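What's in run.pdb: PDB, C-alpha atoms and all ligand atoms
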ATOM      1  CA  MET A 148      83.551 104.010  70.291
ATOM      2  CA  SER A 149      83.888 101.784  73.369
ATOM      3  CA  GLU A 150      83.799 103.275  76.872
ATOM      4  CA  PRO A 151      87.063 104.936  77.993
ATOM      5  CA  HIS A 152      89.777 103.060  79.908
ATOM      6  CA  LEU A 153      91.545 105.640  82.079
ATOM      7  CA  LEU A 154      94.294 105.567  84.683
ATOM      8  CA  LEU A 155      94.791 108.231  87.353
ATOM      9  CA  PHE A 156      98.188 108.347  89.062
ATOM     10  CA  GLY A 157      99.587 110.432  91.854
ATOM     11  CA  PRO A 158     101.172 110.251  95.269
ATOM     12  CA  PRO A 159      99.091 109.685  98.426
ATOM     13  CA  GLY A 160      96.818 112.704  98.895
ATOM     14  CA  ALA A 161      97.241 114.048  95.341
ATOM     15  CA  GLY A 162      93.459 114.022  94.856
ATOM     16  CA  LYS A 163      93.070 110.754  92.931
ATOM     17  CA  GLY A 164      89.900 109.778  94.806
ATOM     18  CA  THR A 165      88.404 113.272  94.506
ATOM     19  CA  GLN A 166      89.095 113.572  90.763
ATOM     20  CA  SER A 167      88.266 109.929  89.920
ATOM     21  CA  ALA A 168      84.758 110.539  91.265
ATOM     22  CA  ASN A 169      84.439 113.495  88.840
ATOM     23  CA  VAL A 170      85.738 111.392  85.935
ATOM     24  CA  ALA A 171      83.381 108.498  86.708
ATOM     25  CA  ASP A 172      80.384 110.893  86.865
ATOM     26  CA  ALA A 173      81.288 112.871  83.762
ATOM     27  CA  TYR A 174      82.065 109.886  81.518
ATOM     28  CA  GLY A 175      79.535 107.440  83.006
ATOM     29  CA  ILE A 176      82.226 104.866  83.811
ATOM     30  CA  GLU A 177      83.205 102.870  86.895
ATOM     31  CA  HIS A 178      85.607 104.113  89.551
ATOM     32  CA  VAL A 179      87.877 101.154  90.299
ATOM     33  CA  THR A 180      89.923 101.897  93.421
ATOM     34  CA  THR A 181      92.187  99.396  95.128
ATOM     35  CA  GLY A 182      92.345 101.524  98.304
ATOM     36  CA  ASP A 183      88.555 101.438  98.852
ATOM     37  CA  ALA A 184      88.336  97.750  97.876
ATOM     38  CA  LEU A 185      91.057  96.877 100.388
ATOM     39  CA  ARG A 186      89.506  99.037 103.145
ATOM     40  CA  ALA A 187      86.214  97.162 102.629
ATOM     41  CA  ASN A 188      88.079  93.845 103.034
ATOM     42  CA  LYS A 189      90.695  94.822 105.618
ATOM     43  CA  ASP A 190      90.341  91.675 107.694
ATOM     44  CA  MET A 191      90.146  89.216 104.802
ATOM     45  CA  GLU A 192      92.486  86.294 105.543
ATOM     46  CA  THR A 193      94.946  85.584 102.726
ATOM     47  CA  GLU A 194      98.081  83.472 102.623
ATOM     48  CA  HIS A 195      99.978  86.757 103.092
ATOM     49  CA  GLY A 196      97.986  87.833 106.188
ATOM     50  CA  THR A 197      95.266  90.504 106.221
ATOM     51  CA  PRO A 198      95.356  93.772 104.198
ATOM     52  CA  ARG A 199      95.008  95.677 107.503
ATOM     53  CA  GLU A 200      98.531  94.738 108.648
ATOM     54  CA  TYR A 201     100.077  96.348 105.572
ATOM     55  CA  MET A 202      97.757  99.332 105.264
ATOM     56  CA  GLU A 203      98.070 100.520 108.854
ATOM     57  CA  ALA A 204     101.870 100.484 108.458
ATOM     58  CA  GLY A 205     101.701 102.360 105.126
ATOM     59  CA  GLU A 206     103.182  99.422 103.181
ATOM     60  CA  LEU A 207     101.935  97.892  99.912
ATOM     61  CA  VAL A 208      99.532  94.961 100.204
ATOM     62  CA  PRO A 209     101.148  91.957  98.404
ATOM     63  CA  ASP A 210     100.695  91.913  94.618
ATOM     64  CA  PRO A 211      98.643  88.678  94.283
ATOM     65  CA  VAL A 212      95.900  90.103  96.539
ATOM     66  CA  VAL A 213      95.715  93.418  94.682
ATOM     67  CA  ASP A 214      96.117  91.944  91.165
ATOM     68  CA  ALA A 215      93.117  89.668  91.807
ATOM     69  CA  ILE A 216      90.945  92.622  92.930
ATOM     70  CA  VAL A 217      91.767  94.610  89.790
ATOM     71  CA  ALA A 218      91.389  91.654  87.404
ATOM     72  CA  GLU A 219      87.916  90.939  88.787
ATOM     73  CA  ALA A 220      86.799  94.582  88.633
ATOM     74  CA  LEU A 221      88.080  95.179  85.090
ATOM     75  CA  ALA A 222      86.548  91.956  83.785
ATOM     76  CA  THR A 223      83.052  93.344  84.343
ATOM     77  CA  ALA A 224      83.611  97.084  83.711
ATOM     78  CA  GLU A 225      82.746  98.497  80.280
ATOM     79  CA  GLY A 226      84.676 101.670  80.962
ATOM     80  CA  TYR A 227      86.643 102.628  84.048
ATOM     81  CA  VAL A 228      88.924 105.066  85.806
ATOM     82  CA  LEU A 229      91.531 103.105  87.723
ATOM     83  CA  ASP A 230      92.833 104.767  90.923
ATOM     84  CA  GLY A 231      95.627 103.327  93.129
ATOM     85  CA  TYR A 232      96.966 100.686  90.728
ATOM     86  CA  PRO A 233      99.590  99.932  89.443
ATOM     87  CA  ARG A 234     101.869 100.883  92.336
ATOM     88  CA  ASN A 235     105.028  98.996  91.334
ATOM     89  CA  LEU A 236     106.596  97.718  88.107
ATOM     90  CA  ASP A 237     105.264  94.164  88.555
ATOM     91  CA  GLN A 238     101.702  95.489  88.890
ATOM     92  CA  ALA A 239     102.296  97.646  85.795
ATOM     93  CA  ALA A 240     103.293  94.550  83.792
ATOM     94  CA  GLU A 241     100.209  92.752  85.116
ATOM     95  CA  LEU A 242      97.985  95.654  84.013
ATOM     96  CA  ASP A 243      99.556  95.680  80.520
ATOM     97  CA  ALA A 244      98.552  92.013  80.181
ATOM     98  CA  MET A 245      95.002  92.659  81.439
ATOM     99  CA  THR A 246      93.802  95.634  79.402
ATOM    100  CA  ASP A 247      94.556  98.508  77.012
ATOM    101  CA  LEU A 248      94.466 102.097  78.274
ATOM    102  CA  ASP A 249      93.214 105.189  76.460
ATOM    103  CA  ALA A 250      94.964 107.632  78.800
ATOM    104  CA  ALA A 251      97.127 107.784  81.934
ATOM    105  CA  ALA A 252      96.976 111.056  83.879
ATOM    106  CA  TYR A 253      99.300 112.112  86.678
ATOM    107  CA  LEU A 254      98.444 114.657  89.397
ATOM    108  CA  SER A 255     101.624 116.364  90.579
ATOM    109  CA  VAL A 256     101.598 117.865  94.095
ATOM    110  CA  SER A 257     104.470 118.919  96.400
ATOM    111  CA  GLU A 258     105.274 116.784  99.414
ATOM    112  CA  SER A 259     104.504 119.517 101.981
ATOM    113  CA  THR A 260     100.997 119.932 100.506
ATOM    114  CA  LEU A 261     100.432 116.163 100.536
ATOM    115  CA  VAL A 262     101.274 115.912 104.238
ATOM    116  CA  GLU A 263      98.915 118.824 105.024
ATOM    117  CA  ARG A 264      96.064 117.332 102.988
ATOM    118  CA  LEU A 265      96.362 113.837 104.461
ATOM    119  CA  THR A 266      96.875 114.660 108.131
ATOM    120  CA  GLY A 267      93.887 117.083 107.975
ATOM    121  CA  ARG A 268      91.551 114.740 106.101
ATOM    122  CA  ARG A 269      88.442 113.529 107.949
ATOM    123  CA  VAL A 270      86.212 110.884 106.369
ATOM    124  CA  CYS A 271      82.490 110.349 106.988
ATOM    125  CA  THR A 272      81.829 106.867 108.401
ATOM    126  CA  GLU A 273      78.337 106.903 106.829
ATOM    127  CA  CYS A 274      78.619 108.275 103.268
ATOM    128  CA  GLY A 275      82.410 108.300 102.730
ATOM    129  CA  ARG A 276      82.634 112.056 101.977
ATOM    130  CA  ASN A 277      86.026 113.640 102.639
ATOM    131  CA  HIS A 278      86.254 116.826 104.688
ATOM    132  CA  HIS A 279      89.441 118.641 105.620
ATOM    133  CA  VAL A 280      89.894 120.409 108.955
ATOM    134  CA  GLU A 281      91.304 123.509 107.231
ATOM    135  CA  PHE A 282      90.507 123.397 103.478
ATOM    136  CA  ASP A 283      86.963 122.002 103.731
ATOM    137  CA  PRO A 284      85.848 122.161 107.380
ATOM    138  CA  PRO A 285      82.390 120.851 108.332
ATOM    139  CA  GLU A 286      79.872 123.334 109.744
ATOM    140  CA  GLU A 287      79.859 121.387 113.027
ATOM    141  CA  ALA A 288      83.165 119.835 114.156
ATOM    142  CA  GLY A 289      83.220 116.046 113.695
ATOM    143  CA  VAL A 290      79.892 115.924 111.796
ATOM    144  CA  CYS A 291      79.505 115.392 108.035
ATOM    145  CA  ASP A 292      77.795 118.300 106.226
ATOM    146  CA  ASP A 293      76.153 115.933 103.732
ATOM    147  CA  CYS A 294      74.568 113.274 105.939
ATOM    148  CA  GLY A 295      75.249 114.127 109.622
ATOM    149  CA  GLY A 296      77.484 111.043 109.980
ATOM    150  CA  GLU A 297      80.537 110.929 112.241
ATOM    151  CA  LEU A 298      83.843 112.163 110.793
ATOM    152  CA  THR A 299      86.962 110.133 111.631
ATOM    153  CA  GLN A 300      90.638 110.144 110.716
ATOM    154  CA  ARG A 301      91.856 107.230 108.567
ATOM    155  CA  GLU A 302      94.272 105.019 110.518
ATOM    156  CA  ASP A 303      96.958 105.616 107.877
ATOM    157  CA  ASP A 304      96.573 109.429 107.921
ATOM    158  CA  THR A 305      98.707 110.023 111.031
ATOM    159  CA  GLU A 306     101.911 111.938 110.259
ATOM    160  CA  ASP A 307     104.287 108.950 110.808
ATOM    161  CA  VAL A 308     102.305 106.647 108.517
ATOM    162  CA  VAL A 309     101.861 109.392 105.901
ATOM    163  CA  ARG A 310     105.668 109.838 105.759
ATOM    164  CA  GLU A 311     106.075 106.070 105.285
ATOM    165  CA  ARG A 312     103.415 106.019 102.518
ATOM    166  CA  LEU A 313     105.319 108.786 100.725
ATOM    167  CA  ARG A 314     108.598 106.837 101.046
ATOM    168  CA  VAL A 315     106.914 103.695  99.673
ATOM    169  CA  TYR A 316     105.479 105.798  96.823
ATOM    170  CA  ARG A 317     108.903 107.229  95.898
ATOM    171  CA  GLU A 318     110.554 103.806  95.975
ATOM    172  CA  ASN A 319     107.884 101.717  94.225
ATOM    173  CA  THR A 320     105.493 103.936  92.274
ATOM    174  CA  GLU A 321     107.686 106.731  90.884
ATOM    175  CA  PRO A 322     109.429 104.202  88.564
ATOM    176  CA  VAL A 323     105.986 103.268  87.209
ATOM    177  CA  VAL A 324     105.156 106.923  86.531
ATOM    178  CA  GLU A 325     108.537 107.271  84.801
ATOM    179  CA  ARG A 326     107.759 104.226  82.627
ATOM    180  CA  TYR A 327     104.528 105.787  81.339
ATOM    181  CA  ARG A 328     106.337 109.128  80.880
ATOM    182  CA  GLU A 329     109.135 107.523  78.829
ATOM    183  CA  ARG A 330     106.568 105.791  76.624
ATOM    184  CA  GLY A 331     105.000 109.219  75.956
ATOM    185  CA  GLU A 332     101.731 108.050  77.513
ATOM    186  CA  LEU A 333     101.561 110.323  80.572
ATOM    187  CA  ILE A 334      99.327 113.395  80.800
ATOM    188  CA  GLU A 335     100.684 115.643  83.559
ATOM    189  CA  ILE A 336      98.236 117.806  85.524
ATOM    190  CA  ASP A 337      99.048 120.460  88.154
ATOM    191  CA  GLY A 338      97.318 118.914  91.182
ATOM    192  CA  GLU A 339      98.353 121.775  93.469
ATOM    193  CA  GLN A 340      95.480 123.970  92.239
ATOM    194  CA  PRO A 341      92.015 124.090  93.868
ATOM    195  CA  PRO A 342      89.920 120.948  93.108
ATOM    196  CA  GLU A 343      87.712 122.712  90.513
ATOM    197  CA  ALA A 344      90.748 123.939  88.535
ATOM    198  CA  VAL A 345      92.341 120.470  88.653
ATOM    199  CA  TRP A 346      89.118 119.014  87.263
ATOM    200  CA  THR A 347      88.931 121.602  84.443
ATOM    201  CA  ASP A 348      92.486 120.711  83.320
ATOM    202  CA  LEU A 349      91.983 116.960  83.732
ATOM    203  CA  ASP A 350      88.692 116.908  81.832
ATOM    204  CA  ALA A 351      90.170 118.933  78.949
ATOM    205  CA  ALA A 352      93.218 116.631  78.781
ATOM    206  CA  ILE A 353      91.053 113.496  78.686
ATOM    207  CA  GLU A 354      88.764 114.991  76.013
ATOM    208  CA  ASN A 355      91.847 115.766  73.973
ATOM    209  CA  VAL A 356      93.081 112.153  73.841
ATOM    210  CA  LEU A 357      89.713 110.386  73.432
TER     211      LEU A 357
HETATM  212  P1  LIG A 401      94.743 104.467  98.828
HETATM  213  O1  LIG A 401      93.435 104.530  99.497
HETATM  214  O2  LIG A 401      94.808 104.285  97.349
HETATM  215  O3  LIG A 401      95.563 105.707  99.318
HETATM  216  P2  LIG A 401      96.548 106.709  98.610
HETATM  217  O4  LIG A 401      97.068 106.363  97.249
HETATM  218  O5  LIG A 401      97.575 106.927  99.647
HETATM  219  O6  LIG A 401      95.642 107.894  98.277
HETATM  220  P3  LIG A 401      94.620 108.622  99.201
HETATM  221  O7  LIG A 401      93.294 107.953  99.164
HETATM  222  O8  LIG A 401      95.185 108.856 100.574
HETATM  223  O9  LIG A 401      94.624 110.034  98.511
HETATM  224  P4  LIG A 401      94.016 110.509  97.125
HETATM  225  O10 LIG A 401      95.108 110.777  96.133
HETATM  226  O11 LIG A 401      92.888 109.632  96.674
HETATM  227  O12 LIG A 401      93.488 111.927  97.582
HETATM  228  P5  LIG A 401      92.017 112.389  98.024
HETATM  229  O13 LIG A 401      91.215 112.698  96.797
HETATM  230  O14 LIG A 401      91.421 111.473  99.036
HETATM  231  O15 LIG A 401      95.624 103.249  99.444
HETATM  232  C1  LIG A 401      95.694 103.050 100.842
HETATM  233  C2  LIG A 401      96.561 101.834 101.127
HETATM  234  O16 LIG A 401      96.003 100.656 100.479
HETATM  235  C3  LIG A 401      98.015 101.899 100.607
HETATM  236  O17 LIG A 401      98.866 102.584 101.499
HETATM  237  C4  LIG A 401      98.340 100.369 100.505
HETATM  238  O18 LIG A 401      98.600  99.834 101.779
HETATM  239  C5  LIG A 401      97.032  99.783 100.000
HETATM  240  N1  LIG A 401      96.969  99.721  98.531
HETATM  241  C6  LIG A 401      96.130 100.414  97.706
HETATM  242  N2  LIG A 401      96.373 100.113  96.421
HETATM  243  C7  LIG A 401      97.393  99.216  96.409
HETATM  244  C8  LIG A 401      98.117  98.550  95.369
HETATM  245  N3  LIG A 401      97.852  98.749  94.076
HETATM  246  N4  LIG A 401      99.099  97.689  95.734
HETATM  247  C9  LIG A 401      99.391  97.455  97.035
HETATM  248  N5  LIG A 401      98.755  98.061  98.073
HETATM  249  C10 LIG A 401      97.764  98.945  97.757
HETATM  250  O19 LIG A 401      92.389 113.787  98.713
HETATM  251  C11 LIG A 401      93.131 113.839  99.942
HETATM  252  C12 LIG A 401      92.637 115.032 100.798
HETATM  253  O20 LIG A 401      92.941 116.253 100.125
HETATM  254  C13 LIG A 401      91.112 115.066 101.042
HETATM  255  O21 LIG A 401      90.878 115.603 102.324
HETATM  256  C14 LIG A 401      90.577 115.987  99.948
HETATM  257  O22 LIG A 401      89.389 116.622 100.342
HETATM  258  C15 LIG A 401      91.738 116.977  99.818
HETATM  259  N6  LIG A 401      91.914 117.458  98.437
HETATM  260  C16 LIG A 401      91.834 116.733  97.289
HETATM  261  N7  LIG A 401      92.128 117.509  96.214
HETATM  262  C17 LIG A 401      92.429 118.748  96.727
HETATM  263  C18 LIG A 401      92.842 120.001  96.133
HETATM  264  N8  LIG A 401      93.001 120.111  94.799
HETATM  265  N9  LIG A 401      93.066 121.049  96.964
HETATM  266  C19 LIG A 401      92.913 120.928  98.328
HETATM  267  N10 LIG A 401      92.521 119.781  98.949
HETATM  268  C20 LIG A 401      92.293 118.716  98.152
END
Using the file provided, produce a representation of the structure as C-alpha cells.
Amino acid sequence: MSEPHLLLFGPPGAGKGTQSANVADAYGIEHVTTGDALRANKDMETEHGTPREYMEAGELVPDPVVDAIVAEALATAEGYVLDGYPRNLDQAAELDAMTDLDAAAYLSVSESTLVERLTGRRVCTECGRNHHVEFDPPEEAGVCDDCGGELTQREDDTEDVVRERLRVYRENTEPVVERYRERGELIEIDGEQPPEAVWTDLDAAIENVL
C-alpha cells in the first residue's frame, strides 16, 4: 500500500500542529504545514504583498501564494499529513484537483479553550517547541525546557488577533469542514481532552480507515 495521505482540520489552537507531529512520527510521513511555511517566508514579496501583512492581522494569505506552497510540497511527498490547508472552498477545490486523501480528521475544541491555549502559547525561537504559560510551563520563565532557547509569543497570538483568526475560521473554513462532513469523509475527534488522549483517539481513527 502507498504511504497515507491525511488531512488534519481544526480551528486555530485546536492542536493541529501538536497532533500532526505525532502523526508524521508514527506513520513516517511528512508534516506539510502552510502556517510554518508562511512564517519561514513572511517577507517574501508577491504580487499580493508579503505574507506578514495578512498573518499579523489574522487574515488569510491570498490563495495563489498558499496553493503554490502546497502543490510544491505534495509533489515531492510520498505520504503526508496536511495541516492548515484547505482554509476556504476554493482551496478545497484546488486540493481535490491535486491529490486523493485517505482520511480527513477534525479536532473539535470550544472557543473559550482556543482563546486560552493561543494567548498562553510561547514558542521557542531555537527549536520551535511550544510551551504554554499555564498548561505546559517551562521550568524557568521564558526559557525552553528542551534546548534553553528564548520563548516568545507569536505576533498573531494576542487576544485581538486571535478573535479575528476565529472569525475568519468561522466564515471561511467551517464551510470546508461541512463539505467533508456532508461527503461522509470527516473523522471527528474530541480535541478538548489532554494531548495524549487526543492522540490515542486520532491514531485509532486513522488506523481504522487505512
Ligand atoms: P497556522 O500556523 O496554521 O495557525 P492556526 O491554524 O491558527 O493554528 P495554530 O498553529 O495557531 O494552532 P494549532 O491548531 O496548530 O495548535 P497547536 O498544536 O499549536 O496559520 C497562521 C496564519 O497563516 C493564518 O492566520 C493565515 O494568515 C496564514 N495561513 C496558514 N495557512 C493558510 C491557508 N491555507 N490559506 C491562507 N492563509 C493561511 O496548539 C496550540 C497551543 O495549545 C499550544 O500551546 C499547545 O501546546 C497547546 N495544546 C495543544 N493541544 C492541547 C491539548 N490537547 N490540551 C492543552 N493544550 C494543548
Return as a tab-separated table the residues of stretch 231-286 of chain A lying at most 12 Å from stretch 291-294 of chain A, together with the closest atom-to-atom pair for each and the distance in Å to one decimal, counting all atoms listed in the file, with rows in chain order and ascending residue number.
residue	atom	partner	partner_atom	distance
A:Arg269	CA	A:Cys291	CA	9.1
A:Val270	CA	A:Cys291	CA	8.3
A:Cys271	CA	A:Cys291	CA	6.0
A:Thr272	CA	A:Cys291	CA	8.8
A:Glu273	CA	A:Cys294	CA	7.5
A:Cys274	CA	A:Cys294	CA	7.0
A:Gly275	CA	A:Cys291	CA	9.3
A:Arg276	CA	A:Cys291	CA	7.6
A:Asn277	CA	A:Cys291	CA	8.6
A:His278	CA	A:Cys291	CA	7.7
A:His279	CA	A:Cys291	CA	10.7
A:Val280	CA	A:Cys291	CA	11.6
A:Asp283	CA	A:Asp292	CA	10.2
A:Pro284	CA	A:Asp292	CA	9.0
A:Pro285	CA	A:Asp292	CA	5.7
A:Glu286	CA	A:Asp292	CA	6.5
Just want the residues within 7 Å of ligand LIG 401 (chain A), written as a ChimeraX atom specification, counting all atoms listed in the file.
/A:157-166,180-183,185,201-202,205-210,213,230-234,264-265,267-269,277-279,282-283,312,338-342,345
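Each of A:Gln300, A:Ala250, A:Thr266, A:Leu153 was checked against A:Asn355 using all atoms listed in the file; the smallest atom-to-atom distance is that of A:Ala250.
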Kindly provide, as AutoDock Vina command-line options, the centre and edge lengths (Å, one decimal) of an axis-aligned box around all atoms of stretch 170-183 of chain A given in the file, with 3 Å on each side.
--center_x 85.9 --center_y 106.1 --center_z 90.2 --size_x 18.8 --size_y 19.5 --size_z 23.3
Can you turn the PyMOL selection byres (((chain A and resi 249) around 12) and not hetatm) into a concrete residue list for this file, as a PyMOL selection string?
chain A and resi 148-155+226-229+246-248+250-252+332-334+352-357
So which one's closest to A:Glu203, A:Val262, A:Leu313, A:Val324, A:Val308? Using all atoms listed in the file, please.
A:Val308
Restricting to only C-alpha atoms, whichever of A:Asp243, A:Leu221, A:Ala204, A:Asp337 is closest to A:Val315 is A:Ala204
Would you list the contacts of A:Glu194 as a ChimeraX atom specification, taking every protein, DNA or RNA residue within 10 Å and counting all atoms listed in the file, but skipping same-chain residues closer than 2 positions in sequence?
/A:192,196-197,209,211-212
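Nearest residue to A:Arg317 among A:Asn188, A:Thr193, A:Thr305, A:Asn235 is A:Asn235, counting only C-alpha atoms.
Using all atoms listed in the file, the nearest neighbour of A:Val217 within the list A:Ala351, A:Val179, A:Leu298, A:Pro322 is A:Val179.
Atom CA of A:Asp348 is found 25.2 Å from atom CA of A:Ala224.
Of the residues listed (A:Met245, A:Ala215, A:Met191, A:Ile336), A:Ile336 shows the shortest atom-to-atom separation from A:Asp350; distances use all atoms listed in the file.
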